[in-house]
Amino acid sequence: MFPLGEGIAGRRLSEATVVLAVSGHGFGHAVRCAEVARALLGFGARVLLRSEAPVWLFPPGVEVIPSPGWPLDIGVAQQDGLEFDIDATRRRWRDFAASFATHAQAEADTLRALGADVLLGDIPPLAFAAAKHAGIPSVALANFGWDWIYAGWPGFESAIACVQRGYSQADRLLRLPLHSPAADAFPAFATIEDVPLIGRQACCPPERVRRDLGIDDDRRRLVLLGFGGFAARGLQPAGLAHAPGYTFVVTPPLSQTITEPLPNLVRLAEQPHDYVSLLAACDAVVTKPGYGIVADCLTNQVPILYTDRGPFREYDVLVTAIHRLGRGRYVPRQDLLAGRLGPHLDALLEAVPRWAPLRCDGARVVAARTLELSRRG
């Protein structure tokens, strides 16, 4: 079902120059594209990055294209890891759409100057319009499109039209699992090809991770709190002390907002180099559903205690996938913010898991298909 492009490593296609155009919204788009970048580099391709996402998420060897002074993508304006600002998103899109054509032409000039052979976009519409202007093929990678997200909110008709004009100029959509099953979820793409999940595998043994964190008691359950590169306003970490059988781990930026010492809280001052091994060493993850964290938990079979994230259409799709493919439980937001997690974690970890077998080599498949579809192909 999923072509691997097995013969590609020995072909001259591997010398292609690939531009990765990645939405800076959250970490989900970036972490999966980082895995694709790693696979592309392994094939011998030159990889250039155009994104507002943090560069440290991507592997060494990726070259960064300097920002021209405008964003590549609007995504969704967020107040923190749990709250959206729909009005701000609408206003930003109004300004973005007004200069869309001008910016697409300028981005196209950059693509030509860089000698790009193909563009892989996840999933900013401006990038596909620019690739069309530049005369190079473009490949979209997504489990949703922004037009589908915006269709859930009022007053986004002009933004949706602009998004779909951009998407219609992509040569192909490589559709990831965890997407909406609705027939009209991707109306702008003429060609859609399904690819496997992009999931990151842990490479460090759990016992070593726990030892590095200073956790010597194997009976204590380890829980990671994370909200997609955002903090969580209103979180009262003192409540975590009432779950004595658990040790909680937080990373930046959430760890930077917690100042009081707690006996069962580990605060990491810097982002761990191997985040997914930290995740895989945990007995559970507390989060809001997003593609990156859900894919990593399913890949490494880590239960998810999740809360709602406001009116975001992807939420229901991901929650369904969590319960169909793994182990998950909902925690009311007021309980999460108050740190009342003990009973919810107890119930989550007592539940019978439904870990479905998943093919998680989507990064290699996407890299191979992108190179095969490049103009050198």
# chains A, B, ... in the order shown; residues from 1 in each chain; ligands from 1
>>> residues_around(residues="range 250-267 of chain A", least_positions_apart="3", cutoff="12 Å", atoms="only C-alpha atoms", output="PyMOL selection string")
chain A and resi 80-81+210+212-215+217+220-247+270-275+278-279+282+285-287+339
>>> residues_around(residues="Tyr306 in chain A", least_positions_apart="4", cutoff="7 Å", atoms="only C-alpha atoms", output="PyMOL selection string")
chain A and resi 286-289+329-331
>>> write_last_selection(atoms="N, CA and C atoms", output="CSV table (one decimal), in the first residue's frame")
chain,number,residue,atom,x,y,z
A,286,VAL,N,0.9,13.5,30.1
A,286,VAL,CA,-0.3,14.4,30.3
A,286,VAL,C,-0.1,15.6,29.2
A,287,THR,N,-1.1,15.8,28.4
A,287,THR,CA,-1.0,16.7,27.3
A,287,THR,C,-2.3,17.1,26.7
A,288,LYS,N,-2.3,17.9,25.7
A,288,LYS,CA,-3.4,18.2,24.8
A,288,LYS,C,-3.2,17.5,23.5
A,289,PRO,N,-4.2,16.8,22.9
A,289,PRO,CA,-3.9,16.1,21.7
A,289,PRO,C,-3.4,16.9,20.5
A,329,ARG,N,-7.2,8.5,28.4
A,329,ARG,CA,-8.3,8.9,29.3
A,329,ARG,C,-8.3,10.5,29.3
A,330,TYR,N,-9.6,11.0,29.4
A,330,TYR,CA,-9.8,12.4,29.4
A,330,TYR,C,-9.7,12.9,30.9
A,331,VAL,N,-9.0,14.1,31.1
A,331,VAL,CA,-9.0,14.7,32.3
A,331,VAL,C,-9.6,16.1,32.2
>>> select_by_dssp(residues="range 57-92 of chain A", states="helix (DSSP H, G or I)", output="PyMOL selection string")
chain A and resi 57+86-92
>>> write_last_selection(atoms="C-alpha atoms", output="short mmCIF file (atom, residue, chain, number, x, y, z; two decimals), in the first residue's frame")
data_model
loop_
_atom_site.label_atom_id
_atom_site.label_comp_id
_atom_site.auth_asym_id
_atom_site.auth_seq_id
_atom_site.Cartn_x
_atom_site.Cartn_y
_atom_site.Cartn_z
CA LEU A 57 14.08 20.60 16.34
CA ILE A 86 -9.70 32.77 16.91
CA ASP A 87 -10.21 36.52 16.48
CA ALA A 88 -6.46 37.11 16.28
CA THR A 89 -6.15 34.29 13.76
CA ARG A 90 -8.83 35.88 11.59
CA ARG A 91 -7.12 39.28 11.72
CA ARG A 92 -3.71 37.84 10.88
#
>>> select_by_dssp(residues="range 22-177 of chain A", states="strand (DSSP E)", output="list of chain:residue names")
A:Val22, A:Arg46, A:Val47, A:Leu48, A:Leu49, A:Arg50, A:Ser51, A:Glu63, A:Val64, A:Val118, A:Leu119, A:Leu120, A:Gly121, A:Asp122, A:Ser138, A:Val139, A:Ala140, A:Leu141, A:Ala142, A:Arg172, A:Leu173, A:Leu174, A:Arg175
>>> write_last_selection(atoms="N, CA and C atoms", output="mmCIF file, in the first residue's frame")
data_model
loop_
_atom_site.group_PDB
_atom_site.id
_atom_site.type_symbol
_atom_site.label_atom_id
_atom_site.label_comp_id
_atom_site.auth_asym_id
_atom_site.auth_seq_id
_atom_site.Cartn_x
_atom_site.Cartn_y
_atom_site.Cartn_z
ATOM 1 N N VAL A 22 7.809 24.455 6.376
ATOM 2 C CA VAL A 22 7.146 23.844 7.533
ATOM 3 C C VAL A 22 6.425 24.905 8.362
ATOM 4 N N ARG A 46 20.321 17.377 -0.414
ATOM 5 C CA ARG A 46 20.562 18.647 0.273
ATOM 6 C C ARG A 46 19.216 19.143 0.774
ATOM 7 N N VAL A 47 19.126 19.496 2.046
ATOM 8 C CA VAL A 47 17.859 19.882 2.654
ATOM 9 C C VAL A 47 17.946 21.313 3.146
ATOM 10 N N LEU A 48 17.046 22.167 2.635
ATOM 11 C CA LEU A 48 16.956 23.569 3.029
ATOM 12 C C LEU A 48 15.644 23.780 3.769
ATOM 13 N N LEU A 49 15.683 24.528 4.862
ATOM 14 C CA LEU A 49 14.510 24.705 5.721
ATOM 15 C C LEU A 49 14.002 26.134 5.662
ATOM 16 N N ARG A 50 12.716 26.278 5.358
ATOM 17 C CA ARG A 50 12.022 27.573 5.441
ATOM 18 C C ARG A 50 10.894 27.394 6.439
ATOM 19 N N SER A 51 11.054 27.980 7.627
ATOM 20 C CA SER A 51 10.076 27.782 8.691
ATOM 21 C C SER A 51 10.302 28.771 9.809
ATOM 22 N N GLU A 63 20.035 23.073 6.243
ATOM 23 C CA GLU A 63 20.435 24.467 6.055
ATOM 24 C C GLU A 63 19.207 25.364 6.156
ATOM 25 N N VAL A 64 19.322 26.447 6.892
ATOM 26 C CA VAL A 64 18.185 27.326 7.158
ATOM 27 C C VAL A 64 18.142 28.452 6.133
ATOM 28 N N VAL A 118 12.694 20.360 -5.637
ATOM 29 C CA VAL A 118 11.364 19.987 -5.184
ATOM 30 C C VAL A 118 11.109 20.674 -3.849
ATOM 31 N N LEU A 119 9.842 20.966 -3.581
ATOM 32 C CA LEU A 119 9.448 21.545 -2.295
ATOM 33 C C LEU A 119 8.507 20.577 -1.602
ATOM 34 N N LEU A 120 8.766 20.327 -0.328
ATOM 35 C CA LEU A 120 7.881 19.537 0.523
ATOM 36 C C LEU A 120 7.299 20.474 1.564
ATOM 37 N N GLY A 121 5.989 20.640 1.579
ATOM 38 C CA GLY A 121 5.348 21.585 2.481
ATOM 39 C C GLY A 121 4.433 20.928 3.484
ATOM 40 N N ASP A 122 4.535 21.346 4.743
ATOM 41 C CA ASP A 122 3.716 20.819 5.840
ATOM 42 C C ASP A 122 3.247 22.004 6.688
ATOM 43 N N SER A 138 5.916 20.350 -6.216
ATOM 44 C CA SER A 138 5.740 20.498 -4.765
ATOM 45 C C SER A 138 4.870 19.372 -4.247
ATOM 46 N N VAL A 139 5.208 18.926 -3.037
ATOM 47 C CA VAL A 139 4.531 17.815 -2.385
ATOM 48 C C VAL A 139 4.029 18.302 -1.029
ATOM 49 N N ALA A 140 2.765 18.073 -0.753
ATOM 50 C CA ALA A 140 2.194 18.432 0.547
ATOM 51 C C ALA A 140 2.230 17.211 1.468
ATOM 52 N N LEU A 141 2.452 17.477 2.742
ATOM 53 C CA LEU A 141 2.448 16.442 3.777
ATOM 54 C C LEU A 141 1.517 16.904 4.882
ATOM 55 N N ALA A 142 0.512 16.097 5.224
ATOM 56 C CA ALA A 142 -0.455 16.581 6.212
ATOM 57 C C ALA A 142 -1.344 15.459 6.720
ATOM 58 N N ARG A 172 0.917 16.922 -5.311
ATOM 59 C CA ARG A 172 0.457 15.702 -4.636
ATOM 60 C C ARG A 172 0.362 15.948 -3.137
ATOM 61 N N LEU A 173 -0.607 15.325 -2.528
ATOM 62 C CA LEU A 173 -0.689 15.307 -1.069
ATOM 63 C C LEU A 173 -0.300 13.927 -0.577
ATOM 64 N N LEU A 174 0.705 13.861 0.278
ATOM 65 C CA LEU A 174 1.034 12.645 0.999
ATOM 66 C C LEU A 174 0.277 12.714 2.328
ATOM 67 N N ARG A 175 -0.777 11.952 2.424
ATOM 68 C CA ARG A 175 -1.698 12.055 3.558
ATOM 69 C C ARG A 175 -1.289 11.099 4.672
#
>>> closest_residue(among="A:Ala129, A:Ile192, A:Leu358, A:Ala106", to="Leu325 in chain A", atoms="only C-alpha atoms")
A:Leu358
>>> closest_residue(among="A:Leu318, A:Ala21, A:Ala280, A:Val55", to="Val294 in chain A", atoms="only C-alpha atoms")
A:Leu318
>>> decode(residues="range 355-366 of chain A", atoms="N, CA and C atoms", output="compact mmCIF listing (two decimals), in the first residue's frame")
# COMPACT_ATOMS: atom_id res chain seq x y z
N TRP A 355 -3.17 -1.52 22.14
CA TRP A 355 -2.09 -1.10 21.25
C TRP A 355 -2.19 -1.85 19.92
N ALA A 356 -2.59 -1.11 18.90
CA ALA A 356 -2.72 -1.70 17.57
C ALA A 356 -1.36 -1.70 16.88
N PRO A 357 -1.09 -2.71 16.06
CA PRO A 357 0.16 -2.70 15.30
C PRO A 357 0.15 -1.55 14.29
N LEU A 358 1.20 -0.76 14.29
CA LEU A 358 1.27 0.41 13.42
C LEU A 358 2.56 0.39 12.63
N ARG A 359 2.47 0.74 11.38
CA ARG A 359 3.66 0.96 10.58
C ARG A 359 4.06 2.42 10.79
N CYS A 360 5.28 2.66 11.26
CA CYS A 360 5.71 4.00 11.69
C CYS A 360 6.91 4.51 10.89
N ASP A 361 7.12 3.97 9.70
CA ASP A 361 8.26 4.40 8.89
C ASP A 361 7.88 5.43 7.85
N GLY A 362 6.89 6.26 8.18
CA GLY A 362 6.42 7.25 7.22
C GLY A 362 7.49 8.23 6.77
N ALA A 363 8.46 8.55 7.64
CA ALA A 363 9.50 9.52 7.26
C ALA A 363 10.29 9.03 6.06
N ARG A 364 10.67 7.77 6.08
CA ARG A 364 11.44 7.22 4.96
C ARG A 364 10.59 7.17 3.69
N VAL A 365 9.33 6.79 3.82
CA VAL A 365 8.44 6.73 2.67
C VAL A 365 8.26 8.12 2.06
N VAL A 366 8.01 9.11 2.91
CA VAL A 366 7.80 10.47 2.43
C VAL A 366 9.06 11.01 1.76
